[in-house]
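So this block is coords-v4.pdb, PDB, C-alpha atoms:
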```
ATOM      1  CA  MET A   1     -56.580  91.687 199.330
ATOM      2  CA  ASN A   2     -54.377  90.837 202.260
ATOM      3  CA  GLN A   3     -57.179  91.678 204.660
ATOM      4  CA  ASP A   4     -59.577  89.350 202.856
ATOM      5  CA  MET A   5     -57.152  86.457 202.928
ATOM      6  CA  LEU A   6     -56.502  86.998 206.605
ATOM      7  CA  ARG A   7     -60.198  87.019 207.308
ATOM      8  CA  GLN A   8     -60.684  83.815 205.346
ATOM      9  CA  VAL A   9     -57.842  82.057 207.150
ATOM     10  CA  MET A  10     -59.216  83.199 210.500
ATOM     11  CA  SER A  11     -62.699  81.923 209.747
ATOM     12  CA  GLU A  12     -61.329  78.547 208.584
ATOM     13  CA  HIS A  13     -59.308  78.353 211.757
ATOM     14  CA  ARG A  14     -62.409  79.057 213.842
ATOM     15  CA  GLU A  15     -64.331  76.329 212.036
ATOM     16  CA  ASP A  16     -61.514  73.854 212.703
ATOM     17  CA  CYS A  17     -61.569  74.831 216.373
ATOM     18  CA  LEU A  18     -65.297  74.149 216.607
ATOM     19  CA  ASP A  19     -64.915  70.829 214.758
ATOM     20  CA  ASN A  20     -62.240  69.769 217.223
ATOM     21  CA  ARG A  21     -64.411  70.717 220.169
ATOM     22  CA  GLU A  22     -67.272  68.677 218.788
ATOM     23  CA  PHE A  23     -65.022  65.650 218.338
ATOM     24  CA  GLY A  24     -63.597  66.131 221.852
ATOM     25  CA  PHE A  25     -67.113  66.233 223.234
ATOM     26  CA  TRP A  26     -67.942  63.038 221.341
ATOM     27  CA  LEU A  27     -64.946  61.313 222.987
ATOM     28  CA  TYR A  28     -66.191  62.523 226.387
ATOM     29  CA  LEU A  29     -69.607  61.010 225.650
ATOM     30  CA  MET A  30     -67.990  57.661 224.807
ATOM     31  CA  THR A  31     -66.130  57.630 228.143
ATOM     32  CA  ASP A  32     -69.374  58.538 229.873
ATOM     33  CA  ALA A  33     -71.038  55.607 228.115
ATOM     34  CA  ILE A  34     -68.376  53.321 229.594
ATOM     35  CA  ILE A  35     -69.033  54.687 233.103
ATOM     36  CA  PHE A  36     -72.742  53.970 232.698
ATOM     37  CA  ALA A  37     -72.052  50.519 231.249
ATOM     38  CA  LEU A  38     -70.001  49.614 234.333
ATOM     39  CA  LEU A  39     -72.706  50.939 236.660
ATOM     40  CA  PHE A  40     -75.128  48.672 234.778
ATOM     41  CA  ALA A  41     -72.742  45.741 235.251
ATOM     42  CA  THR A  42     -72.559  46.510 238.995
ATOM     43  CA  TYR A  43     -76.339  46.699 239.197
ATOM     44  CA  VAL A  44     -76.806  43.354 237.443
ATOM     45  CA  SER A  45     -74.229  41.680 239.727
ATOM     46  CA  MET A  46     -75.965  43.097 242.816
ATOM     47  CA  PHE A  47     -79.468  42.186 241.677
ATOM     48  CA  ARG A  48     -80.048  39.385 244.215
ATOM     49  CA  ASN A  49     -78.184  41.028 247.097
ATOM     50  CA  THR A  50     -81.178  42.538 248.870
ATOM     51  CA  ALA A  51     -79.827  41.535 252.322
ATOM     52  CA  ASN A  52     -83.328  40.676 253.628
ATOM     53  CA  GLY A  53     -84.209  44.300 252.939
ATOM     54  CA  PRO A  54     -87.014  45.541 250.712
ATOM     55  CA  GLU A  55     -87.530  43.539 247.510
ATOM     56  CA  PRO A  56     -87.504  45.502 244.226
ATOM     57  CA  ILE A  57     -90.941  44.271 243.167
ATOM     58  CA  HIS A  58     -92.571  46.230 246.018
ATOM     59  CA  LEU A  59     -90.626  49.416 245.330
ATOM     60  CA  PHE A  60     -91.296  50.302 241.711
ATOM     61  CA  ASP A  61     -94.380  51.448 239.886
ATOM     62  CA  LEU A  62     -94.554  50.626 236.181
ATOM     63  CA  LYS A  63     -96.846  53.572 235.379
ATOM     64  CA  HIS A  64     -94.458  56.000 237.057
ATOM     65  CA  VAL A  65     -91.531  54.664 235.007
ATOM     66  CA  PHE A  66     -93.597  54.927 231.854
ATOM     67  CA  PHE A  67     -94.284  58.637 232.502
ATOM     68  CA  GLU A  68     -90.583  59.264 233.160
ATOM     69  CA  THR A  69     -89.727  57.528 229.878
ATOM     70  CA  ALA A  70     -92.298  59.586 227.991
ATOM     71  CA  CYS A  71     -91.014  62.888 229.447
ATOM     72  CA  LEU A  72     -87.439  62.133 228.487
ATOM     73  CA  LEU A  73     -88.331  60.941 224.985
ATOM     74  CA  ILE A  74     -90.476  63.996 224.288
ATOM     75  CA  SER A  75     -87.784  66.353 225.590
ATOM     76  CA  SER A  76     -85.251  64.638 223.324
ATOM     77  CA  VAL A  77     -87.436  65.251 220.279
ATOM     78  CA  THR A  78     -88.257  68.854 221.224
ATOM     79  CA  PHE A  79     -84.511  69.505 221.527
ATOM     80  CA  GLY A  80     -84.235  68.138 217.992
ATOM     81  CA  PHE A  81     -86.867  70.658 216.865
ATOM     82  CA  ALA A  82     -84.878  73.444 218.551
ATOM     83  CA  TRP A  83     -81.810  72.320 216.595
ATOM     84  CA  LEU A  84     -83.783  72.318 213.313
ATOM     85  CA  ALA A  85     -84.967  75.861 214.074
ATOM     86  CA  ALA A  86     -81.356  76.875 214.781
ATOM     87  CA  MET A  87     -80.313  75.461 211.400
ATOM     88  CA  ASN A  88     -83.018  77.579 209.755
ATOM     89  CA  LYS A  89     -81.912  80.646 211.777
ATOM     90  CA  LYS A  90     -85.277  81.095 213.463
ATOM     91  CA  ARG A  91     -84.263  82.524 216.807
ATOM     92  CA  PRO A  92     -87.671  82.835 218.542
ATOM     93  CA  SER A  93     -88.648  79.263 217.785
ATOM     94  CA  VAL A  94     -85.251  77.987 219.006
ATOM     95  CA  ILE A  95     -85.933  79.667 222.352
ATOM     96  CA  LEU A  96     -89.500  78.352 222.447
ATOM     97  CA  TRP A  97     -88.473  74.731 221.766
ATOM     98  CA  LEU A  98     -85.641  74.945 224.299
ATOM     99  CA  ILE A  99     -88.079  76.147 226.959
ATOM    100  CA  ILE A 100     -90.462  73.269 226.122
ATOM    101  CA  THR A 101     -87.470  70.909 226.451
ATOM    102  CA  ILE A 102     -86.693  72.346 229.891
ATOM    103  CA  VAL A 103     -90.309  71.847 230.989
ATOM    104  CA  PHE A 104     -90.221  68.129 230.104
ATOM    105  CA  GLY A 105     -86.745  67.764 231.595
ATOM    106  CA  VAL A 106     -87.915  69.306 234.878
ATOM    107  CA  ALA A 107     -90.946  67.002 234.850
ATOM    108  CA  PHE A 108     -88.600  64.014 234.489
ATOM    109  CA  VAL A 109     -86.321  65.072 237.353
ATOM    110  CA  PHE A 110     -89.359  65.878 239.501
ATOM    111  CA  LEU A 111     -90.837  62.380 238.929
ATOM    112  CA  GLU A 112     -87.493  60.793 239.742
ATOM    113  CA  VAL A 113     -86.970  62.803 242.936
ATOM    114  CA  VAL A 114     -90.518  61.932 244.072
ATOM    115  CA  GLU A 115     -89.761  58.256 243.473
ATOM    116  CA  PHE A 116     -86.492  58.426 245.423
ATOM    117  CA  LEU A 117     -88.085  60.259 248.359
ATOM    118  CA  GLU A 118     -90.914  57.706 248.546
ATOM    119  CA  MET A 119     -88.405  54.855 248.537
ATOM    120  CA  ILE A 120     -86.281  56.446 251.245
ATOM    121  CA  GLN A 121     -89.365  57.075 253.404
ATOM    122  CA  GLU A 122     -90.319  53.411 253.087
ATOM    123  CA  GLY A 123     -86.883  52.500 254.452
ATOM    124  CA  ALA A 124     -85.494  51.547 251.046
ATOM    125  CA  GLY A 125     -82.693  54.094 250.942
ATOM    126  CA  PRO A 126     -79.277  53.440 249.418
ATOM    127  CA  GLN A 127     -77.931  52.137 252.751
ATOM    128  CA  ALA A 128     -80.547  49.362 253.050
ATOM    129  CA  SER A 129     -78.772  46.773 250.877
ATOM    130  CA  GLY A 130     -76.124  46.275 248.220
ATOM    131  CA  TYR A 131     -78.900  46.039 245.654
ATOM    132  CA  LEU A 132     -80.327  49.432 246.603
ATOM    133  CA  SER A 133     -76.864  51.041 246.740
ATOM    134  CA  SER A 134     -76.232  50.008 243.146
ATOM    135  CA  PHE A 135     -79.749  51.056 242.123
ATOM    136  CA  PHE A 136     -79.361  54.550 243.562
ATOM    137  CA  THR A 137     -75.842  54.937 242.153
ATOM    138  CA  LEU A 138     -76.932  54.044 238.624
ATOM    139  CA  VAL A 139     -80.246  55.892 238.447
ATOM    140  CA  ALA A 140     -79.054  58.952 240.375
ATOM    141  CA  THR A 141     -75.944  59.284 238.196
ATOM    142  CA  HIS A 142     -78.291  59.477 235.226
ATOM    143  CA  GLY A 143     -80.528  61.934 237.097
ATOM    144  CA  ILE A 144     -77.566  64.191 237.919
ATOM    145  CA  HIS A 145     -76.534  64.123 234.262
ATOM    146  CA  VAL A 146     -80.052  65.194 233.266
ATOM    147  CA  SER A 147     -80.000  67.986 235.859
ATOM    148  CA  ILE A 148     -76.653  69.270 234.573
ATOM    149  CA  GLY A 149     -77.991  69.004 231.026
ATOM    150  CA  MET A 150     -80.896  71.205 232.049
ATOM    151  CA  ILE A 151     -78.552  73.850 233.441
ATOM    152  CA  GLY A 152     -76.848  73.626 230.041
ATOM    153  CA  ILE A 153     -80.140  74.070 228.185
ATOM    154  CA  LEU A 154     -81.028  77.065 230.359
ATOM    155  CA  THR A 155     -77.606  78.599 229.661
ATOM    156  CA  MET A 156     -77.960  78.004 225.933
ATOM    157  CA  THR A 157     -81.463  79.522 225.916
ATOM    158  CA  LEU A 158     -79.972  82.690 227.412
ATOM    159  CA  GLN A 159     -77.052  82.629 224.976
ATOM    160  CA  VAL A 160     -79.352  82.258 221.966
ATOM    161  CA  PHE A 161     -81.429  85.106 223.387
ATOM    162  CA  MET A 162     -78.491  87.446 224.048
ATOM    163  CA  LYS A 163     -75.818  86.496 221.505
ATOM    164  CA  GLY A 164     -77.969  85.235 218.661
ATOM    165  CA  LEU A 165     -77.195  82.208 216.501
ATOM    166  CA  THR A 166     -73.475  82.780 215.920
ATOM    167  CA  PRO A 167     -71.338  79.811 214.782
ATOM    168  CA  GLN A 168     -69.988  79.455 218.343
ATOM    169  CA  VAL A 169     -73.438  79.371 219.917
ATOM    170  CA  CYS A 170     -74.656  76.898 217.281
ATOM    171  CA  SER A 171     -71.691  74.634 217.968
ATOM    172  CA  ARG A 172     -72.423  74.682 221.709
ATOM    173  CA  LEU A 173     -76.070  73.950 221.025
ATOM    174  CA  PHE A 174     -75.015  71.030 218.821
ATOM    175  CA  ARG A 175     -72.791  69.562 221.552
ATOM    176  CA  LEU A 176     -75.530  69.994 224.133
ATOM    177  CA  GLY A 177     -77.863  68.156 221.742
ATOM    178  CA  LEU A 178     -75.454  65.226 221.541
ATOM    179  CA  PHE A 179     -75.381  65.128 225.356
ATOM    180  CA  TRP A 180     -79.155  65.282 225.662
ATOM    181  CA  HIS A 181     -79.827  62.545 223.080
ATOM    182  CA  PHE A 182     -77.097  60.437 224.682
ATOM    183  CA  LEU A 183     -78.867  60.636 228.065
ATOM    184  CA  ASP A 184     -82.043  59.373 226.435
ATOM    185  CA  ILE A 185     -80.102  56.345 225.152
ATOM    186  CA  VAL A 186     -78.849  55.641 228.684
ATOM    187  CA  TRP A 187     -82.439  55.796 229.900
ATOM    188  CA  ILE A 188     -83.417  53.034 227.419
ATOM    189  CA  GLY A 189     -80.884  50.873 229.264
ATOM    190  CA  ILE A 190     -82.268  51.909 232.655
ATOM    191  CA  PHE A 191     -85.889  51.032 231.963
ATOM    192  CA  SER A 192     -84.921  47.821 230.132
ATOM    193  CA  VAL A 193     -82.395  46.566 232.703
ATOM    194  CA  VAL A 194     -83.494  48.131 236.003
ATOM    195  CA  TYR A 195     -87.260  48.516 235.937
ATOM    196  CA  LEU A 196     -88.916  46.124 233.480
ATOM    197  CA  PRO A 197     -87.207  42.829 234.546
ATOM    198  CA  VAL A 198     -88.377  43.446 238.127
ATOM    199  CA  PHE A 199     -92.007  43.007 237.047
ATOM    200  CA  ILE A 200     -91.454  39.663 235.318
TER     201      ILE A 200
ATOM    202  CA  MET B   1     -66.612  65.655 210.979
ATOM    203  CA  GLN B   2     -70.127  65.129 212.174
ATOM    204  CA  ALA B   3     -72.929  66.253 209.869
ATOM    205  CA  HIS B   4     -75.019  69.116 211.259
ATOM    206  CA  GLU B   5     -77.736  68.830 208.649
ATOM    207  CA  HIS B   6     -80.763  67.129 210.003
ATOM    208  CA  SER B   7     -84.315  66.830 208.768
ATOM    209  CA  LEU B   8     -87.681  67.025 210.431
ATOM    210  CA  LYS B   9     -88.554  63.721 208.783
ATOM    211  CA  ASP B  10     -85.687  61.991 210.594
ATOM    212  CA  TYR B  11     -86.811  63.245 214.013
ATOM    213  CA  LEU B  12     -90.423  62.246 213.374
ATOM    214  CA  LYS B  13     -89.411  58.797 212.089
ATOM    215  CA  GLY B  14     -87.228  58.395 215.171
ATOM    216  CA  LEU B  15     -90.056  59.489 217.454
ATOM    217  CA  VAL B  16     -92.584  57.049 215.956
ATOM    218  CA  LEU B  17     -90.111  54.136 216.070
ATOM    219  CA  ALA B  18     -89.047  55.031 219.632
ATOM    220  CA  ILE B  19     -92.682  55.127 220.790
ATOM    221  CA  ILE B  20     -93.375  51.720 219.229
ATOM    222  CA  LEU B  21     -90.182  50.200 220.647
ATOM    223  CA  THR B  22     -90.935  51.602 224.116
ATOM    224  CA  ALA B  23     -94.586  50.603 224.074
ATOM    225  CA  ILE B  24     -93.901  46.957 223.136
ATOM    226  CA  PRO B  25     -91.764  46.015 226.190
ATOM    227  CA  PHE B  26     -93.958  48.000 228.621
ATOM    228  CA  TRP B  27     -97.089  46.394 227.225
ATOM    229  CA  VAL B  28     -95.814  42.802 227.275
ATOM    230  CA  VAL B  29     -94.527  43.227 230.839
ATOM    231  CA  TRP B  30     -97.743  44.953 231.930
ATOM    232  CA  SER B  31     -99.946  42.163 230.577
ATOM    233  CA  SER B  32     -97.317  39.441 231.259
ATOM    234  CA  ALA B  33     -98.615  37.745 228.156
ATOM    235  CA  PHE B  34     -95.624  35.444 227.715
ATOM    236  CA  ARG B  35     -93.270  33.244 229.706
ATOM    237  CA  ALA B  36     -90.383  34.954 231.533
ATOM    238  CA  ARG B  37     -87.725  33.827 229.071
ATOM    239  CA  ILE B  38     -89.622  35.250 226.100
ATOM    240  CA  LEU B  39     -90.299  38.492 228.003
ATOM    241  CA  PHE B  40     -86.573  38.958 228.661
ATOM    242  CA  ALA B  41     -85.834  38.337 224.990
ATOM    243  CA  ILE B  42     -88.473  40.862 223.863
ATOM    244  CA  ILE B  43     -87.132  43.533 226.262
ATOM    245  CA  ALA B  44     -83.522  42.960 225.158
ATOM    246  CA  ILE B  45     -84.298  43.006 221.431
ATOM    247  CA  CYS B  46     -86.489  46.124 221.668
ATOM    248  CA  ALA B  47     -83.817  47.929 223.736
ATOM    249  CA  LEU B  48     -81.056  47.106 221.249
ATOM    250  CA  ILE B  49     -83.143  48.219 218.272
ATOM    251  CA  GLN B  50     -84.194  51.394 220.093
ATOM    252  CA  VAL B  51     -80.561  52.286 220.824
ATOM    253  CA  MET B  52     -79.840  51.916 217.090
ATOM    254  CA  VAL B  53     -82.891  54.046 216.246
ATOM    255  CA  HIS B  54     -81.771  56.813 218.610
ATOM    256  CA  LEU B  55     -78.223  56.748 217.243
ATOM    257  CA  ARG B  56     -79.470  56.914 213.672
ATOM    258  CA  PHE B  57     -82.348  59.381 213.895
ATOM    259  CA  PHE B  58     -81.563  61.567 216.937
ATOM    260  CA  LEU B  59     -77.764  61.583 217.057
ATOM    261  CA  ASN B  60     -77.643  61.474 213.246
ATOM    262  CA  ILE B  61     -74.979  58.758 213.096
ATOM    263  CA  SER B  62     -74.787  56.853 209.843
ATOM    264  CA  LEU B  63     -72.045  54.698 208.371
ATOM    265  CA  LYS B  64     -72.023  56.820 205.227
ATOM    266  CA  ASN B  65     -72.128  60.434 206.411
ATOM    267  CA  THR B  66     -70.470  60.373 209.813
ATOM    268  CA  GLY B  67     -66.715  60.922 209.990
ATOM    269  CA  LYS B  68     -64.417  57.954 210.438
ATOM    270  CA  ASP B  69     -62.981  59.298 213.715
ATOM    271  CA  TYR B  70     -66.468  59.494 215.239
ATOM    272  CA  LEU B  71     -67.336  55.965 214.165
ATOM    273  CA  THR B  72     -63.999  54.584 215.373
ATOM    274  CA  ALA B  73     -64.556  56.116 218.820
ATOM    275  CA  LEU B  74     -68.103  54.749 218.889
ATOM    276  CA  PHE B  75     -67.113  51.210 217.925
ATOM    277  CA  PHE B  76     -64.133  51.235 220.273
ATOM    278  CA  ALA B  77     -66.411  52.259 223.154
ATOM    279  CA  GLY B  78     -68.781  49.487 222.085
ATOM    280  CA  VAL B  79     -65.998  46.892 222.185
ATOM    281  CA  LEU B  80     -64.811  48.100 225.612
ATOM    282  CA  ILE B  81     -68.343  47.977 226.970
ATOM    283  CA  PHE B  82     -68.867  44.489 225.568
ATOM    284  CA  ILE B  83     -65.639  43.177 227.127
ATOM    285  CA  MET B  84     -66.042  44.857 230.512
ATOM    286  CA  VAL B  85     -69.768  44.323 231.037
ATOM    287  CA  GLY B  86     -69.778  40.856 229.504
ATOM    288  CA  GLY B  87     -66.702  39.881 231.536
ATOM    289  CA  THR B  88     -68.098  41.249 234.793
ATOM    290  CA  VAL B  89     -71.419  39.511 234.444
ATOM    291  CA  TRP B  90     -69.839  36.239 233.313
ATOM    292  CA  ILE B  91     -67.224  36.079 236.093
ATOM    293  CA  LEU B  92     -69.468  37.227 238.913
ATOM    294  CA  PHE B  93     -72.321  34.890 238.048
ATOM    295  CA  ASP B  94     -69.871  32.007 237.691
ATOM    296  CA  LEU B  95     -68.415  32.844 241.128
ATOM    297  CA  ASN B  96     -71.887  33.127 242.584
ATOM    298  CA  PHE B  97     -72.748  29.692 241.201
ATOM    299  CA  ARG B  98     -69.612  28.141 242.720
ATOM    300  CA  MET B  99     -70.185  29.745 246.130
ATOM    301  CA  MET B 100     -73.702  28.330 246.470
TER     302      MET B 100
END
```

Could you render the structure from this file as structure tokens?
Amino acid sequence: MNQDMLRQVMSEHREDCLDNREFGFWLYLMTDAIIFALLFATYVSMFRNTANGPEPIHLFDLKHVFFETACLLISSVTFGFAWLAAMNKKRPSVILWLIITIVFGVAFVFLEVVEFLEMIQEGAGPQASGYLSSFFTLVATHGIHVSIGMIGILTMTLQVFMKGLTPQVCSRLFRLGLFWHFLDIVWIGIFSVVYLPVFI
Amino acid sequence: MQAHEHSLKDYLKGLVLAIILTAIPFWVVWSSAFRARILFAIIAICALIQVMVHLRFFLNISLKNTGKDYLTALFFAGVLIFIMVGGTVWILFDLNFRMM
């Protein structure tokens, strides 16, 4: 009797702990949103400050941006499928969907790094003008977030593989999902504010 | 408390809406079918709606099922972003105009 009660109290306590962690992570995401919002504000204020350097219209390629957008959107949805599989306790399909998510995430980072390297080779690196400094700060901050998110997805794939779908692992996967979907929302801002207006 | 339950239908709805809302701004800019002012408006409206779509269908935020503490944090962040970004853009463009 006593043992059962103790066990019940312990499991409630663990659930509370996980709930608190999820809420804490949500607060972190909100502060991250504010950081990105201010980087956007900086970018918009710097938009005309090209300092006789390269003009944005010659630097970007709409098709390239479209592929990046597609990769990130697809990876967001495949992460959602991994979460659904985790809810249904299907371990192999969680791992499969997470690996597909990593593939699209890597494709996104690869496209972005290629774009940056091309720009730097053309002499449009972050030091060329105030405009390019703010561009690289904003887009690279997002890129670094995606890269860290991918390390997270890789870690979670291993944890699902080795530890199984315990409540702790599921909670971590849930938080990682929030992070990943959040980064996709930031990307909506990037293609709408940074890339598309340049082509008008 | 944030709801963990999520349905396949939600993700698919979100995906279809996100594709439409991404395709519209890319297409209008690609074909430059309208005047600049209208293009800016289309991009802004599609972006705002797409952010809502992602929050609703991917992050599973809804006014009914999401906990009050989550929503409060979200709206507070929204207010801060509005004040800081709006203020920055307003002041700096005003300054820029006066310096010309």

task = With a distance threshold of 9 Å and counting all atoms listed in the file, extract the residues of chain A near chain B and express them as an MDAnalysis selection string.
result = chainID A and resid 19:20 22:23 26:27 30:31 33:34 37:38 40:42 44:45 62 66 69:70 73:74 76:77 80:81 83:84 87 174 177:178 181:182 184:186 188:189 192:193 196:197 199:200

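Distance-wise, atom CA of Thr72 of chain B and atom CA of Val169 of chain A end up 26.9 Å apart.
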
query = What does the distance from atom CA of Phe110 of chain A to atom CA of Glu68 of chain A come to in Å, to one decimal?
reply = 9.2 Å

request  = Let me know the residues the PyMOL selection byres ((chain A and resi 91-101) around 10) catches in the file above, as an MDAnalysis selection string.
outcome  = chainID A and resid 71:72 74:90 102:107 150 153:154 156:161 164:165

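In this model, the gap between atom CA of Asp94 of chain B and atom CA of Tyr43 of chain A comes to 16.1 Å.
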
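Polymer residues near (-91.0, 53.1, 242.3): counting all atoms listed in the file with a cut-off of 9 Å, they are Pro56, Ile57, His58, Leu59, Phe60, Asp61, Leu62, His64, Val65, Glu112, Glu115, Phe116, Glu118, Met119 and Tyr195 of chain A.
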
Draw an axis-aligned box over all listed atoms of segment 3-14 of chain B, pad each side with 6 Å, and write its centre and edge lengths in Å, one decimal, as JSON.
```
{"center_x": -81.7, "center_y": 63.8, "center_z": 211.9, "size_x": 29.5, "size_y": 22.7, "size_z": 18.5}
```

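Residue membership of the PyMOL selection byres ((chain A and resi 148) around 12) in the shown file amounts to Ile102, Gly105, Val106, Val109, Thr141, His142, Gly143, Ile144, His145, Val146, Ser147, Gly149, Met150, Ile151, Gly152, Ile153, Leu154, Thr155, Leu176, Phe179, Trp180 and Leu183 of chain A.
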